[in-house]
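Taking it in order: structure first as structure tokens, then the write-up.
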Amino acid sequence: MSSVEFGGDRNGAGREQGGGGQHGTALAALAKAFREQQKLTQEELGKRIGYTGSAISAMETGAQPAGDKMLAMLEEAIGGGLGIFEKARRFVLLDKYPAQFKNFALVEQEAVTLSSYQTFVVDGLFQTPEYARALIGGGFPKLPGEKVEELVEARMARRALLDRADPTAMIEVILEESVLRRPFGSWEVLRDQLRSLAEDAERDNVSIQVISQERGLRSGHAGAHGDMKLVKTNDHHDVVHLEAQDESLLVSDPAKVALLAHRYAKIRTQALSPDDSLGIIRKLAGEERT
């Protein structure tokens with residue numbers, strides 16, 4: 001069985017855009033109830049967590065849904081040790097994604113292994129805020145600045161997968177060399193992205209490999225069909241995520257998954273080793289080591 005969903009590592013626009021959503025609306029009412037139960041004004045709560053009273057008012061009325069940072073602060077300030085705001089962060093984050101991306105976002109969060117092949121941009125899990133902002137903000141049609149920031153925040157929150165301890169997610173990324181040479185926003189944004197990528201490549205649970213630009217001059221290139229992500233979830237389900245032009249396919253049919261997994265395995269054999277790949281990343285970032 002397969003279904004059409006929206007992928008999210010490129011411009012992040014899609015046909016439908018996220019918003020506060022039902023989770024955000026319910027949480028706003030809950031936050032107000034907790035505040036009033038503790039006899040705090042909006043200004044007093046705002047002062048406790050580093051926001052203005054107007055920001056608290058906007059959150060409680062739904063005019064500006066709580067971001068991930070605000071939810072973390074609310075948990076500390078008025079959560080009462082119940083963990084409600086902490087648990088809600090995951091679902092409020094999903095509300096920020098376009099509707100078509102939510103199903104894959106849930107799959108990604110449950111990944112125990114994730115294998116990604118990217119031909120045009122750095123995988124979204126490894127993007128810096130500046131790189132993501134330039135990528136999302138530079139897409140077409142243009143998005144409002146507020147929406148861009150919302151999508152950047154949601155993309156950055158996905159990086160929690162890199163640090164998850166139980167179970168640890170093993171993540172492998174294969175990038176075309178052209179990805180490492182393609183700037184978004186500015187050359188400095190790209191250099192910072194490459195430095196960040198080099199740091200992530202040294203994590204124990206991360207492997208990053210590069211496909212040389214000259215790969216096609218040898219015995220063919222198995223990646224000619226484009227990007228893919230292979231995910232194994234904690235309940236042992238295998239799925240593949242494919243994306244093109246604001247449309248994506250979440251493939252779970254075993255025969256199709258097997259074919260794509262074999263293709264990915266061939267791509268891996270055509271990539272440079274992780275050590276050689278890290279050397280290229282550092283060289284292009286201007287941090288070549290001897």
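Naming works like this for the structure tokens: A, B, ... for the chains as they're shown, residue 1 at the start of each chain, ligands 1 onward in shown order.
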Residue set, range 17-203 of chain A restricted to helix (DSSP H, G or I), as a ChimeraX atom specification:
/A:21-37,42-49,53-61,68-78,84-96,99-109,124-126,129-137,145-157,160-163,177-181,187-201
Residues near His237 in chain A, anyone? I mean within 12 Å using only C-alpha atoms, not counting same-chain ones fewer than 3 positions away, as an mmCIF file with N, CA and C atoms, in the first residue's frame.
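Written output follows (result-v1.cif):
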```cif
data_model
loop_
_atom_site.group_PDB
_atom_site.id
_atom_site.type_symbol
_atom_site.label_atom_id
_atom_site.label_comp_id
_atom_site.auth_asym_id
_atom_site.auth_seq_id
_atom_site.Cartn_x
_atom_site.Cartn_y
_atom_site.Cartn_z
ATOM 1 N N VAL A 107 6.358 9.099 10.911
ATOM 2 C CA VAL A 107 7.222 7.954 10.594
ATOM 3 C C VAL A 107 8.675 8.288 10.935
ATOM 4 N N GLU A 108 9.114 9.485 10.563
ATOM 5 C CA GLU A 108 10.495 9.896 10.819
ATOM 6 C C GLU A 108 10.796 9.913 12.309
ATOM 7 N N GLU A 110 9.636 8.067 14.543
ATOM 8 C CA GLU A 110 9.694 6.711 15.076
ATOM 9 C C GLU A 110 10.845 5.894 14.481
ATOM 10 N N ALA A 111 11.669 6.513 13.651
ATOM 11 C CA ALA A 111 12.724 5.771 12.952
ATOM 12 C C ALA A 111 13.764 5.220 13.925
ATOM 13 N N VAL A 112 14.148 3.966 13.709
ATOM 14 C CA VAL A 112 15.309 3.416 14.406
ATOM 15 C C VAL A 112 16.505 3.391 13.462
ATOM 16 N N THR A 113 16.220 3.297 12.163
ATOM 17 C CA THR A 113 17.257 3.526 11.153
ATOM 18 C C THR A 113 16.659 4.396 10.058
ATOM 19 N N LEU A 114 17.441 5.327 9.566
ATOM 20 C CA LEU A 114 17.018 6.202 8.477
ATOM 21 C C LEU A 114 18.173 6.333 7.501
ATOM 22 N N LEU A 230 14.811 5.830 3.233
ATOM 23 C CA LEU A 230 14.375 4.533 3.717
ATOM 24 C C LEU A 230 14.309 4.587 5.242
ATOM 25 N N VAL A 231 13.187 4.173 5.800
ATOM 26 C CA VAL A 231 12.988 4.242 7.246
ATOM 27 C C VAL A 231 12.549 2.883 7.779
ATOM 28 N N LYS A 232 13.197 2.451 8.852
ATOM 29 C CA LYS A 232 12.726 1.297 9.623
ATOM 30 C C LYS A 232 12.252 1.838 10.957
ATOM 31 N N THR A 233 10.997 1.576 11.298
ATOM 32 C CA THR A 233 10.417 2.108 12.527
ATOM 33 C C THR A 233 10.644 1.154 13.698
ATOM 34 N N ASN A 234 10.323 1.646 14.880
ATOM 35 C CA ASN A 234 10.534 0.873 16.099
ATOM 36 C C ASN A 234 9.694 -0.403 16.122
ATOM 37 N N VAL A 240 9.513 3.719 2.423
ATOM 38 C CA VAL A 240 10.397 4.588 1.631
ATOM 39 C C VAL A 240 9.639 5.859 1.289
ATOM 40 N N VAL A 251 5.905 4.898 0.441
ATOM 41 C CA VAL A 251 5.776 3.549 -0.102
ATOM 42 C C VAL A 251 5.978 2.520 1.003
ATOM 43 N N SER A 252 4.996 1.620 1.164
ATOM 44 C CA SER A 252 5.111 0.570 2.175
ATOM 45 C C SER A 252 4.933 -0.834 1.605
ATOM 46 N N ASP A 253 4.598 -0.939 0.319
ATOM 47 C CA ASP A 253 4.461 -2.254 -0.308
ATOM 48 C C ASP A 253 5.812 -2.975 -0.238
ATOM 49 N N PRO A 254 5.871 -4.174 0.368
ATOM 50 C CA PRO A 254 7.154 -4.869 0.583
ATOM 51 C C PRO A 254 7.996 -5.048 -0.671
ATOM 52 N N VAL A 257 9.390 -1.645 -1.660
ATOM 53 C CA VAL A 257 10.398 -1.234 -0.679
ATOM 54 C C VAL A 257 11.694 -2.001 -0.912
#
```
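Checking A:Ala105, A:Leu82, A:Ile267, A:Ile280 one by one against Arg158 in chain A, counting only C-alpha atoms, you find the shortest gap at A:Ala105.
The residue set within 9 Å of Ala134 in chain A, counting only C-alpha atoms and dropping same-chain residues fewer than 6 places from it, reads Asn11, Phe184, Gly185, Ser186 and Val189 of chain A.
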Any idea what's packed within 12 Å of Glu75 in chain A, counting only C-alpha atoms, ignoring anything in its chain fewer than 4 positions away? Could you give it as a list in words?
Leu27, Leu30, Ala31, Phe34, Arg35, Leu45, Arg48, Ile49, Ala66, Asp68, Lys69, Met70, Leu71, Gly79, Gly80, Gly81, Leu82, Gly83, Ile84, Phe85, Glu86, Lys87, Ala88 and Arg89 of chain A
How would you write, as a PyMOL selection string, the set of residues in range 26-275 of chain A that DSSP gives as strand (DSSP E)?
chain A and resi 111-118+170-176+206-211+228-233+238-244+247-251
Would you please work out which residue, of A:Gln64, A:Arg159, A:Met170, A:Met59, is nearest to Lys147 in chain A when using only C-alpha atoms?
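Of all the options, A:Gln64 lies closest to Lys147 in chain A.
For the set A:Glu36, A:Asp238, A:Glu76, A:Glu150, the residue with the smallest atom-to-atom gap to Asp95 in chain A is A:Glu150, counting only C-alpha atoms.
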Compare A:Arg182, A:His241, A:Gly279, A:Leu260 by their minimum atom-to-atom distance to Asn103 in chain A, counting only C-alpha atoms, and give me the closest one.
A:His241
Coordinates-based distance that separates CA of Asp276 in chain A from CA of Leu161 in chain A (Å, one decimal)
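These two atoms are separated by 25.3 Å.
Relative to CA of Pro144 in chain A, CA of Leu106 in chain A is found at 25.8 Å.
For the atom pair formed by CA of Ala132 in chain A and CA of Phe91 in chain A, the distance is 21.5 Å, given to one decimal.
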Can you tell me, as number ranges by chain, what residues are no more than 7 Å from Glu243 in chain A when counting only C-alpha atoms, ignoring any on the same chain fewer than 3 positions away?
A: 7, 227, 247-249
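Using only C-alpha atoms for every distance, the candidate list A:Ser273, A:Thr61, A:Gln42, A:Ser178 yields A:Ser178 as the residue closest to Val121 in chain A.
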